[in-house]
$ cat coords_37.pdb   # PDB, C-alpha atoms and all ligand atoms
ATOM      1  CA  MET I   1      30.772  81.506 125.643
ATOM      2  CA  GLY I   2      34.292  81.924 126.946
ATOM      3  CA  LEU I   3      37.405  80.346 125.517
ATOM      4  CA  PHE I   4      38.908  77.004 126.430
ATOM      5  CA  ILE I   5      42.697  76.922 126.213
ATOM      6  CA  THR I   6      44.697  73.846 127.159
ATOM      7  CA  PHE I   7      48.387  73.453 127.977
ATOM      8  CA  GLU I   8      50.049  70.175 126.982
ATOM      9  CA  GLY I   9      53.537  68.775 126.789
ATOM     10  CA  PRO I  10      55.852  66.007 127.922
ATOM     11  CA  GLU I  11      57.061  65.682 131.523
ATOM     12  CA  GLY I  12      59.181  68.605 132.731
ATOM     13  CA  SER I  13      58.105  70.946 129.927
ATOM     14  CA  GLY I  14      57.352  73.787 132.361
ATOM     15  CA  LYS I  15      53.691  74.117 131.362
ATOM     16  CA  THR I  16      52.521  74.362 134.988
ATOM     17  CA  THR I  17      54.798  77.364 135.629
ATOM     18  CA  GLN I  18      53.607  78.918 132.370
ATOM     19  CA  ILE I  19      49.906  78.432 133.053
ATOM     20  CA  LYS I  20      50.266  80.292 136.373
ATOM     21  CA  LYS I  21      52.049  83.162 134.659
ATOM     22  CA  ALA I  22      49.416  83.164 131.904
ATOM     23  CA  GLY I  23      46.672  83.505 134.531
ATOM     24  CA  GLU I  24      48.470  86.485 136.110
ATOM     25  CA  TYR I  25      48.911  88.029 132.662
ATOM     26  CA  LEU I  26      45.201  87.763 131.828
ATOM     27  CA  ARG I  27      44.111  89.040 135.241
ATOM     28  CA  SER I  28      46.481  92.018 134.951
ATOM     29  CA  ARG I  29      44.500  92.887 131.827
ATOM     30  CA  ASN I  30      41.180  92.493 133.717
ATOM     31  CA  ILE I  31      40.247  89.413 131.717
ATOM     32  CA  SER I  32      38.171  86.945 133.698
ATOM     33  CA  CYS I  33      39.884  83.572 133.742
ATOM     34  CA  ILE I  34      40.134  80.394 135.747
ATOM     35  CA  LEU I  35      43.122  78.080 136.043
ATOM     36  CA  THR I  36      42.499  74.405 136.438
ATOM     37  CA  GLU I  37      44.183  71.067 135.802
ATOM     38  CA  GLU I  38      43.671  67.411 134.970
ATOM     39  CA  PRO I  39      43.408  65.182 136.739
ATOM     40  CA  GLY I  40      41.964  67.587 139.291
ATOM     41  CA  GLY I  41      39.787  70.671 139.397
ATOM     42  CA  THR I  42      37.122  69.115 141.644
ATOM     43  CA  GLU I  43      37.020  67.176 144.907
ATOM     44  CA  LEU I  44      36.550  63.916 142.992
ATOM     45  CA  GLY I  45      39.271  64.927 140.531
ATOM     46  CA  TYR I  46      41.825  65.526 143.285
ATOM     47  CA  THR I  47      40.923  62.274 145.016
ATOM     48  CA  LEU I  48      41.473  60.417 141.724
ATOM     49  CA  ARG I  49      44.663  62.427 141.087
ATOM     50  CA  GLN I  50      46.227  60.967 144.224
ATOM     51  CA  LEU I  51      45.339  57.444 143.142
ATOM     52  CA  LEU I  52      46.573  58.003 139.586
ATOM     53  CA  LEU I  53      49.798  59.893 140.170
ATOM     54  CA  ASN I  54      51.258  58.557 143.416
ATOM     55  CA  LYS I  55      53.758  55.830 142.690
ATOM     56  CA  SER I  56      53.132  54.183 146.031
ATOM     57  CA  SER I  57      49.447  53.903 145.164
ATOM     58  CA  ILE I  58      47.562  50.668 144.450
ATOM     59  CA  ASN I  59      48.032  48.575 141.300
ATOM     60  CA  ILE I  60      46.011  50.054 138.392
ATOM     61  CA  VAL I  61      45.728  48.292 135.009
ATOM     62  CA  GLY I  62      45.741  50.379 131.806
ATOM     63  CA  LYS I  63      41.988  50.281 131.137
ATOM     64  CA  ALA I  64      41.160  51.188 134.735
ATOM     65  CA  GLU I  65      43.656  54.049 134.528
ATOM     66  CA  LEU I  66      41.959  55.307 131.354
ATOM     67  CA  LEU I  67      38.511  55.183 132.957
ATOM     68  CA  LEU I  68      39.700  56.957 136.110
ATOM     69  CA  PHE I  69      41.094  59.833 134.014
ATOM     70  CA  ALA I  70      37.766  59.872 132.160
ATOM     71  CA  ALA I  71      35.781  59.933 135.408
ATOM     72  CA  ALA I  72      37.849  62.854 136.682
ATOM     73  CA  ARG I  73      37.228  64.636 133.361
ATOM     74  CA  ALA I  74      33.455  64.067 133.401
ATOM     75  CA  GLN I  75      33.216  65.662 136.846
ATOM     76  CA  HIS I  76      35.579  68.488 135.899
ATOM     77  CA  VAL I  77      33.779  69.394 132.676
ATOM     78  CA  GLU I  78      30.350  69.411 134.264
ATOM     79  CA  GLU I  79      31.205  71.005 137.610
ATOM     80  CA  VAL I  80      33.866  73.551 136.607
ATOM     81  CA  ILE I  81      34.699  73.997 132.938
ATOM     82  CA  LEU I  82      31.289  74.287 131.252
ATOM     83  CA  PRO I  83      29.849  76.651 133.904
ATOM     84  CA  ALA I  84      32.941  78.886 133.635
ATOM     85  CA  LEU I  85      32.772  78.941 129.824
ATOM     86  CA  GLY I  86      29.038  79.610 130.009
ATOM     87  CA  GLY I  87      29.800  82.640 132.206
ATOM     88  CA  GLY I  88      32.162  83.962 129.529
ATOM     89  CA  ALA I  89      35.444  83.168 131.318
ATOM     90  CA  ILE I  90      38.701  82.109 129.739
ATOM     91  CA  VAL I  91      39.484  78.627 131.058
ATOM     92  CA  LEU I  92      43.176  77.699 131.149
ATOM     93  CA  CYS I  93      43.551  73.973 131.728
ATOM     94  CA  ASP I  94      46.791  72.116 132.480
ATOM     95  CA  ARG I  95      46.296  68.957 130.337
ATOM     96  CA  PHE I  96      43.037  67.642 128.909
ATOM     97  CA  ALA I  97      41.853  64.929 126.507
ATOM     98  CA  ASP I  98      44.982  65.045 124.292
ATOM     99  CA  ALA I  99      46.957  63.742 127.281
ATOM    100  CA  THR I 100      44.727  60.663 127.407
ATOM    101  CA  ILE I 101      45.383  59.894 123.736
ATOM    102  CA  ALA I 102      49.128  60.485 124.178
ATOM    103  CA  TYR I 103      49.654  58.683 127.518
ATOM    104  CA  GLN I 104      47.019  55.934 127.618
ATOM    105  CA  GLY I 105      46.843  55.512 123.821
ATOM    106  CA  TYR I 106      50.398  55.874 122.560
ATOM    107  CA  GLY I 107      52.188  55.403 125.915
ATOM    108  CA  ARG I 108      50.230  52.427 127.275
ATOM    109  CA  GLY I 109      49.175  51.082 123.874
ATOM    110  CA  LEU I 110      45.394  51.177 124.418
ATOM    111  CA  ASN I 111      43.149  51.540 121.366
ATOM    112  CA  VAL I 112      43.181  55.183 120.263
ATOM    113  CA  GLU I 113      39.752  55.094 118.585
ATOM    114  CA  GLU I 114      38.156  53.710 121.748
ATOM    115  CA  ILE I 115      39.902  56.422 123.763
ATOM    116  CA  ARG I 116      38.545  59.109 121.425
ATOM    117  CA  TRP I 117      35.041  57.807 122.064
ATOM    118  CA  ILE I 118      35.603  57.768 125.848
ATOM    119  CA  ASN I 119      37.086  61.278 125.699
ATOM    120  CA  ASP I 120      34.078  62.610 123.799
ATOM    121  CA  TYR I 121      31.658  60.880 126.155
ATOM    122  CA  SER I 122      33.340  62.088 129.346
ATOM    123  CA  SER I 123      33.836  65.641 128.105
ATOM    124  CA  ARG I 124      30.430  66.020 126.417
ATOM    125  CA  ASN I 125      32.329  66.585 123.177
ATOM    126  CA  LEU I 126      34.066  69.653 124.567
ATOM    127  CA  LYS I 127      37.119  70.583 122.470
ATOM    128  CA  PRO I 128      39.759  73.168 123.312
ATOM    129  CA  ASP I 129      39.652  76.347 121.212
ATOM    130  CA  ARG I 130      43.426  76.431 121.329
ATOM    131  CA  THR I 131      46.155  74.166 122.681
ATOM    132  CA  LEU I 132      49.653  75.354 123.522
ATOM    133  CA  PHE I 133      52.122  72.499 123.216
ATOM    134  CA  PHE I 134      55.331  72.948 125.202
ATOM    135  CA  ASN I 135      57.898  71.043 123.252
ATOM    136  CA  LEU I 136      61.284  69.854 124.410
ATOM    137  CA  PRO I 137      63.387  66.708 124.056
ATOM    138  CA  VAL I 138      61.960  63.915 126.179
ATOM    139  CA  GLU I 139      65.313  63.330 127.948
ATOM    140  CA  THR I 140      65.667  67.020 128.879
ATOM    141  CA  GLY I 141      62.153  67.085 130.305
ATOM    142  CA  LEU I 142      62.627  63.894 132.296
ATOM    143  CA  ASN I 143      65.915  65.183 133.736
ATOM    144  CA  ARG I 144      64.147  68.356 134.813
ATOM    145  CA  ALA I 145      61.254  66.416 136.345
ATOM    146  CA  MET I 146      63.587  63.982 138.140
ATOM    147  CA  GLY I 147      65.662  66.882 139.467
ATOM    148  CA  ARG I 148      62.516  68.470 140.876
ATOM    149  CA  ILE I 149      61.467  65.199 142.516
ATOM    150  CA  ALA I 150      64.965  64.687 144.036
ATOM    151  CA  GLN I 151      65.052  68.263 145.377
ATOM    152  CA  SER I 152      61.716  67.877 147.090
ATOM    153  CA  ALA I 153      63.281  65.292 149.466
ATOM    154  CA  GLY I 154      60.314  62.941 149.419
ATOM    155  CA  SER I 155      57.565  65.576 149.621
ATOM    156  CA  HIS I 156      56.802  65.281 145.879
ATOM    157  CA  THR I 157      54.844  62.064 145.579
ATOM    158  CA  GLU I 158      53.263  62.553 142.126
ATOM    159  CA  ASP I 159      55.885  60.534 140.288
ATOM    160  CA  ARG I 160      54.064  57.492 138.919
ATOM    161  CA  PHE I 161      54.380  58.572 135.268
ATOM    162  CA  GLU I 162      57.861  60.091 135.601
ATOM    163  CA  GLY I 163      58.987  56.635 136.748
ATOM    164  CA  GLU I 164      57.995  55.013 133.445
ATOM    165  CA  GLU I 165      60.807  53.931 131.104
ATOM    166  CA  LEU I 166      62.243  56.341 128.513
ATOM    167  CA  GLN I 167      60.548  54.441 125.642
ATOM    168  CA  PHE I 168      57.146  55.114 127.215
ATOM    169  CA  HIS I 169      57.843  58.864 127.218
ATOM    170  CA  ARG I 170      59.107  58.722 123.619
ATOM    171  CA  ARG I 171      55.838  57.074 122.570
ATOM    172  CA  VAL I 172      53.876  59.768 124.442
ATOM    173  CA  TRP I 173      55.796  62.491 122.600
ATOM    174  CA  GLU I 174      55.165  60.783 119.244
ATOM    175  CA  GLY I 175      51.500  60.507 120.209
ATOM    176  CA  TYR I 176      51.278  64.234 120.767
ATOM    177  CA  TYR I 177      52.926  64.833 117.416
ATOM    178  CA  THR I 178      50.420  62.622 115.645
ATOM    179  CA  ILE I 179      47.540  64.574 117.215
ATOM    180  CA  ILE I 180      49.188  67.867 116.226
ATOM    181  CA  LYS I 181      49.585  66.681 112.639
ATOM    182  CA  ASP I 182      45.872  65.778 112.543
ATOM    183  CA  GLU I 183      44.720  69.146 113.935
ATOM    184  CA  PRO I 184      47.413  71.719 113.150
ATOM    185  CA  GLU I 185      44.981  74.662 113.310
ATOM    186  CA  ARG I 186      44.234  74.061 117.023
ATOM    187  CA  PHE I 187      47.844  73.783 118.178
ATOM    188  CA  ARG I 188      50.624  76.287 118.740
ATOM    189  CA  ILE I 189      54.010  74.711 119.403
ATOM    190  CA  ILE I 190      56.280  76.537 121.841
ATOM    191  CA  ASN I 191      59.964  75.750 122.243
ATOM    192  CA  ALA I 192      60.076  74.948 125.962
ATOM    193  CA  ALA I 193      63.820  74.260 126.084
ATOM    194  CA  ARG I 194      64.498  78.003 126.650
ATOM    195  CA  ASP I 195      64.371  80.002 129.878
ATOM    196  CA  ILE I 196      61.066  80.788 131.589
ATOM    197  CA  GLU I 197      60.724  84.399 130.387
ATOM    198  CA  GLN I 198      61.478  83.576 126.753
ATOM    199  CA  VAL I 199      58.878  80.830 126.814
ATOM    200  CA  PHE I 200      56.418  83.169 128.532
ATOM    201  CA  ASN I 201      56.830  85.786 125.769
ATOM    202  CA  ASP I 202      55.569  83.208 123.290
ATOM    203  CA  VAL I 203      52.702  82.248 125.603
ATOM    204  CA  CYS I 204      51.583  85.918 125.770
ATOM    205  CA  TYR I 205      51.859  86.230 121.994
ATOM    206  CA  HIS I 206      49.607  83.214 121.449
ATOM    207  CA  LEU I 207      47.149  84.310 124.161
ATOM    208  CA  ASP I 208      46.832  87.762 122.582
ATOM    209  CA  ALA I 209      46.200  86.163 119.207
ATOM    210  CA  VAL I 210      43.499  83.793 120.443
ATOM    211  CA  LEU I 211      41.801  86.482 122.543
ATOM    212  CA  SER I 212      41.429  88.699 119.528
ATOM    213  CA  ILE I 213      39.111  86.108 117.968
ATOM    214  CA  LYS I 214      36.817  86.140 121.007
TER     215      LYS I 214
HETATM  216  P1  LIG I 301      51.149  66.859 135.545
HETATM  217  O1  LIG I 301      50.061  67.643 136.195
HETATM  218  O2  LIG I 301      52.454  67.032 136.204
HETATM  219  O3  LIG I 301      51.206  67.090 134.076
HETATM  220  O4  LIG I 301      50.799  65.338 135.822
HETATM  221  C1  LIG I 301      49.760  64.702 135.248
HETATM  222  C2  LIG I 301      50.237  63.319 134.837
HETATM  223  O5  LIG I 301      49.110  62.550 134.445
HETATM  224  C3  LIG I 301      51.182  63.358 133.663
HETATM  225  O6  LIG I 301      52.220  62.411 133.870
HETATM  226  C4  LIG I 301      50.329  62.923 132.504
HETATM  227  C5  LIG I 301      49.285  62.041 133.143
HETATM  228  N1  LIG I 301      47.991  62.044 132.458
HETATM  229  C6  LIG I 301      47.594  60.910 131.759
HETATM  230  O7  LIG I 301      48.330  59.925 131.715
HETATM  231  N2  LIG I 301      46.378  60.916 131.144
HETATM  232  C7  LIG I 301      45.531  61.985 131.192
HETATM  233  O8  LIG I 301      44.428  61.939 130.627
HETATM  234  C8  LIG I 301      45.957  63.159 131.928
HETATM  235  C9  LIG I 301      45.047  64.343 132.016
HETATM  236  C10 LIG I 301      47.182  63.141 132.534
END

$ encode --input "coords_37.pdb" --output "structure tokens" --more "lines below"
Ligand code: TMP
Amino acid sequence: MGLFITFEGPEGSGKTTQIKKAGEYLRSRNISCILTEEPGGTELGYTLRQLLLNKSSINIVGKAELLLFAAARAQHVEEVILPALGGGAIVLCDRFADATIAYQGYGRGLNVEEIRWINDYSSRNLKPDRTLFFNLPVETGLNRAMGRIAQSAGSHTEDRFEGEELQFHRRVWEGYYTIIKDEPERFRIINAARDIEQVFNDVCYHLDAVLSIK
């Protein structure tokens, strides 16, 4: 079995930049790894991603949103993640089931216990071996994310969640912290308010540590 490592954090935490650098770091050490993301990773996942993340998309109620994330995850786990882990690869995944608890549970206010059940069902009970949480103040992250959207002059259309009110993002952040408190051994918290290379040093440190247990 390989190792399943997930990257989580609020909007604008820089985890997507860091996961790419982490992949390069592992490959430079001849460690077999795949980089993937949620929602995404498969043809179905990317089709659902467009529906879920584009602001101009159709109206989606909370429960439907939850089930669409779960559908994307079921396909992703079966088609990509489990086969890669079975082949001994390190799987680096940009968001996973914790995001559903934080966003749909704490952010949208859906029942967290029901979400846990749906997460387990859609992921065949797959749990990350380690989760790196990129922490920064919600306002700082949103400013970063909004700046990126403004700079892209309309070409960045994945802004449905960034457009939610500040209180929503505060609840998401509190949700993540509740999960971390429940499972402190799985999480490593990284201060993401620093520059990219400083953050990346910590990512390498935590990757080295988790790889040594493989
Ligand atoms: P990101 O790839 O930029 O992190 O965008 C993914 C967005 O989708 C982000 O706003 C968080 C949201 N999301 C959920 O609301 N629930 C989920 O289960 C997942 C995986 C992501």

$ closest_residue --input "coords_37.pdb" --among "I:Arg130, I:Lys21, I:Lys63, I:Arg29" --to "ligand LIG 301 (chain I)" --atoms "all atoms listed in the file"
I:Lys63

$ residues_around --input "coords_37.pdb" --residues "region 72-77 of chain I" --least-positions-apart "3" --cutoff "12 Å" --atoms "only C-alpha atoms" --output "PyMOL selection string"
chain I and resi 4+36-52+65-69+80-86+91+93+95-100+118-128

$ atom_distance --input "coords_37.pdb" --atom1 "CA of Glu164 (chain I)" --atom2 "CA of Gln18 (chain I)"
24.3 Å

$ residues_around --input "coords_37.pdb" --residues "region 105-107 of chain I" --least-positions-apart "6" --cutoff "6 Å" --atoms "only C-alpha atoms" --output "ChimeraX atom specification"
/I:168,171-172,175

$ axis_aligned_box --input "coords_37.pdb" --around "ligand LIG 301 (chain I)" --padding-each-side "3 Å" --output "lines of an AutoDock Vina configuration file"
center_x = 48.4
center_y = 63.8
center_z = 133.4
size_x = 14.0
size_y = 13.7
size_z = 11.6

$ resolve_selection --input "coords_37.pdb" --expression "the PyMOL selection byres (((chain I and resi 204) around 12) and not hetatm)" --output "PyMOL selection string"
chain I and resi 18-19+21-26+29+132+188+190+197-203+205-211

$ resolve_selection --input "coords_37.pdb" --expression "the PyMOL selection byres (((chain I and resi 143-150) around 12) and not hetatm)" --output "MDAnalysis selection string"
chainID I and resid 10:16 136:142 151:164 166 192:193

$ atom_distance --input "coords_37.pdb" --atom1 "CA of Arg116 (chain I)" --atom2 "CA of Ile101 (chain I)"
7.3 Å

$ atom_distance --input "coords_37.pdb" --atom1 "atom N2 of ligand LIG 301 (chain I)" --atom2 "CA of Lys181 (chain I)"
19.6 Å

$ resolve_selection --input "coords_37.pdb" --expression "the PyMOL selection byres (((chain I and resi 8) around 6) and not hetatm)" --output "ChimeraX atom specification"
/I:7,9,95,133

$ closest_residue --input "coords_37.pdb" --among "I:Thr6, I:Asn30, I:Ser57, I:Gln104" --to "ligand LIG 301 (chain I)" --atoms "all atoms listed in the file"
I:Gln104

$ closest_residue --input "coords_37.pdb" --among "I:Ile58, I:Gly2, I:Trp117, I:Tyr177" --to "Ala70 (chain I)" --atoms "all atoms listed in the file"
I:Trp117

$ closest_residue --input "coords_37.pdb" --among "I:Arg27, I:Tyr103, I:Leu35, I:Ala71" --to "ligand LIG 301 (chain I)" --atoms "all atoms listed in the file"
I:Tyr103

$ closest_residue --input "coords_37.pdb" --among "I:His169, I:Ile189, I:Ala89, I:Ser28" --to "ligand LIG 301 (chain I)" --atoms "all atoms listed in the file"
I:His169

$ closest_residue --input "coords_37.pdb" --among "I:Leu110, I:Leu53, I:Val61, I:Ile115" --to "ligand LIG 301 (chain I)" --atoms "only C-alpha atoms and all ligand atoms"
I:Leu53

$ decode --input "coords_37.pdb" --residues "region 34-54 of chain I" --atoms "N, CA, C and O atoms" --output "mmCIF file, in the first residue's frame"
data_model
loop_
_atom_site.group_PDB
_atom_site.id
_atom_site.type_symbol
_atom_site.label_atom_id
_atom_site.label_comp_id
_atom_site.auth_asym_id
_atom_site.auth_seq_id
_atom_site.Cartn_x
_atom_site.Cartn_y
_atom_site.Cartn_z
ATOM 1 N N ILE I 34 1.357 10.463 -7.296
ATOM 2 C CA ILE I 34 0.411 11.121 -8.193
ATOM 3 C C ILE I 34 -0.202 12.319 -7.462
ATOM 4 O O ILE I 34 -0.348 12.303 -6.233
ATOM 5 N N LEU I 35 -0.506 13.339 -8.258
ATOM 6 C CA LEU I 35 -1.150 14.544 -7.720
ATOM 7 C C LEU I 35 -2.574 14.560 -8.236
ATOM 8 O O LEU I 35 -2.786 14.371 -9.438
ATOM 9 N N THR I 36 -3.504 14.773 -7.343
ATOM 10 C CA THR I 36 -4.886 14.825 -7.799
ATOM 11 C C THR I 36 -5.664 15.815 -6.930
ATOM 12 O O THR I 36 -5.090 16.412 -6.008
ATOM 13 N N GLU I 37 -6.931 16.022 -7.249
ATOM 14 C CA GLU I 37 -7.682 17.046 -6.518
ATOM 15 C C GLU I 37 -9.156 16.698 -6.456
ATOM 16 O O GLU I 37 -9.658 15.912 -7.259
ATOM 17 N N GLU I 38 -9.829 17.339 -5.489
ATOM 18 C CA GLU I 38 -11.287 17.197 -5.378
ATOM 19 C C GLU I 38 -11.932 18.570 -5.338
ATOM 20 O O GLU I 38 -11.399 19.464 -4.672
ATOM 21 N N PRO I 39 -13.058 18.763 -6.013
ATOM 22 C CA PRO I 39 -13.634 17.769 -6.904
ATOM 23 C C PRO I 39 -12.817 17.698 -8.186
ATOM 24 O O PRO I 39 -12.333 18.725 -8.662
ATOM 25 N N GLY I 40 -12.615 16.500 -8.694
ATOM 26 C CA GLY I 40 -11.824 16.345 -9.917
ATOM 27 C C GLY I 40 -11.218 14.972 -9.988
ATOM 28 O O GLY I 40 -11.761 14.015 -9.437
ATOM 29 N N GLY I 41 -10.097 14.863 -10.677
ATOM 30 C CA GLY I 41 -9.354 13.607 -10.734
ATOM 31 C C GLY I 41 -9.836 12.618 -11.784
ATOM 32 O O GLY I 41 -9.092 11.741 -12.187
ATOM 33 N N THR I 42 -11.089 12.735 -12.191
ATOM 34 C CA THR I 42 -11.648 11.822 -13.209
ATOM 35 C C THR I 42 -12.504 12.664 -14.161
ATOM 36 O O THR I 42 -12.804 13.831 -13.868
ATOM 37 N N GLU I 43 -12.939 12.025 -15.254
ATOM 38 C CA GLU I 43 -13.782 12.767 -16.203
ATOM 39 C C GLU I 43 -15.079 13.220 -15.518
ATOM 40 O O GLU I 43 -15.493 14.378 -15.631
ATOM 41 N N LEU I 44 -15.691 12.296 -14.762
ATOM 42 C CA LEU I 44 -16.918 12.666 -14.040
ATOM 43 C C LEU I 44 -16.610 13.770 -13.021
ATOM 44 O O LEU I 44 -17.356 14.746 -12.890
ATOM 45 N N GLY I 45 -15.490 13.607 -12.315
ATOM 46 C CA GLY I 45 -15.123 14.584 -11.286
ATOM 47 C C GLY I 45 -14.956 15.986 -11.862
ATOM 48 O O GLY I 45 -15.401 16.968 -11.258
ATOM 49 N N TYR I 46 -14.325 16.083 -13.033
ATOM 50 C CA TYR I 46 -14.137 17.419 -13.620
ATOM 51 C C TYR I 46 -15.432 17.991 -14.180
ATOM 52 O O TYR I 46 -15.634 19.208 -14.173
ATOM 53 N N THR I 47 -16.312 17.116 -14.634
ATOM 54 C CA THR I 47 -17.624 17.595 -15.102
ATOM 55 C C THR I 47 -18.407 18.156 -13.904
ATOM 56 O O THR I 47 -19.000 19.238 -13.974
ATOM 57 N N LEU I 48 -18.361 17.431 -12.782
ATOM 58 C CA LEU I 48 -19.061 17.903 -11.577
ATOM 59 C C LEU I 48 -18.385 19.156 -11.017
ATOM 60 O O LEU I 48 -19.044 20.050 -10.483
ATOM 61 N N ARG I 49 -17.051 19.221 -11.149
ATOM 62 C CA ARG I 49 -16.317 20.396 -10.642
ATOM 63 C C ARG I 49 -16.850 21.686 -11.287
ATOM 64 O O ARG I 49 -17.043 22.689 -10.619
ATOM 65 N N GLN I 50 -17.072 21.609 -12.598
ATOM 66 C CA GLN I 50 -17.586 22.807 -13.287
ATOM 67 C C GLN I 50 -18.937 23.221 -12.723
ATOM 68 O O GLN I 50 -19.189 24.394 -12.474
ATOM 69 N N LEU I 51 -19.803 22.230 -12.529
ATOM 70 C CA LEU I 51 -21.134 22.522 -11.980
ATOM 71 C C LEU I 51 -21.038 23.117 -10.575
ATOM 72 O O LEU I 51 -21.750 24.046 -10.217
ATOM 73 N N LEU I 52 -20.127 22.545 -9.769
ATOM 74 C CA LEU I 52 -20.050 22.907 -8.353
ATOM 75 C C LEU I 52 -19.330 24.223 -8.102
ATOM 76 O O LEU I 52 -19.639 24.929 -7.144
ATOM 77 N N LEU I 53 -18.345 24.539 -8.929
ATOM 78 C CA LEU I 53 -17.500 25.692 -8.595
ATOM 79 C C LEU I 53 -17.759 26.941 -9.429
ATOM 80 O O LEU I 53 -17.321 28.024 -9.055
ATOM 81 N N ASN I 54 -18.436 26.794 -10.565
ATOM 82 C CA ASN I 54 -18.681 27.996 -11.378
ATOM 83 C C ASN I 54 -19.884 28.770 -10.851
ATOM 84 O O ASN I 54 -20.982 28.225 -10.757
#
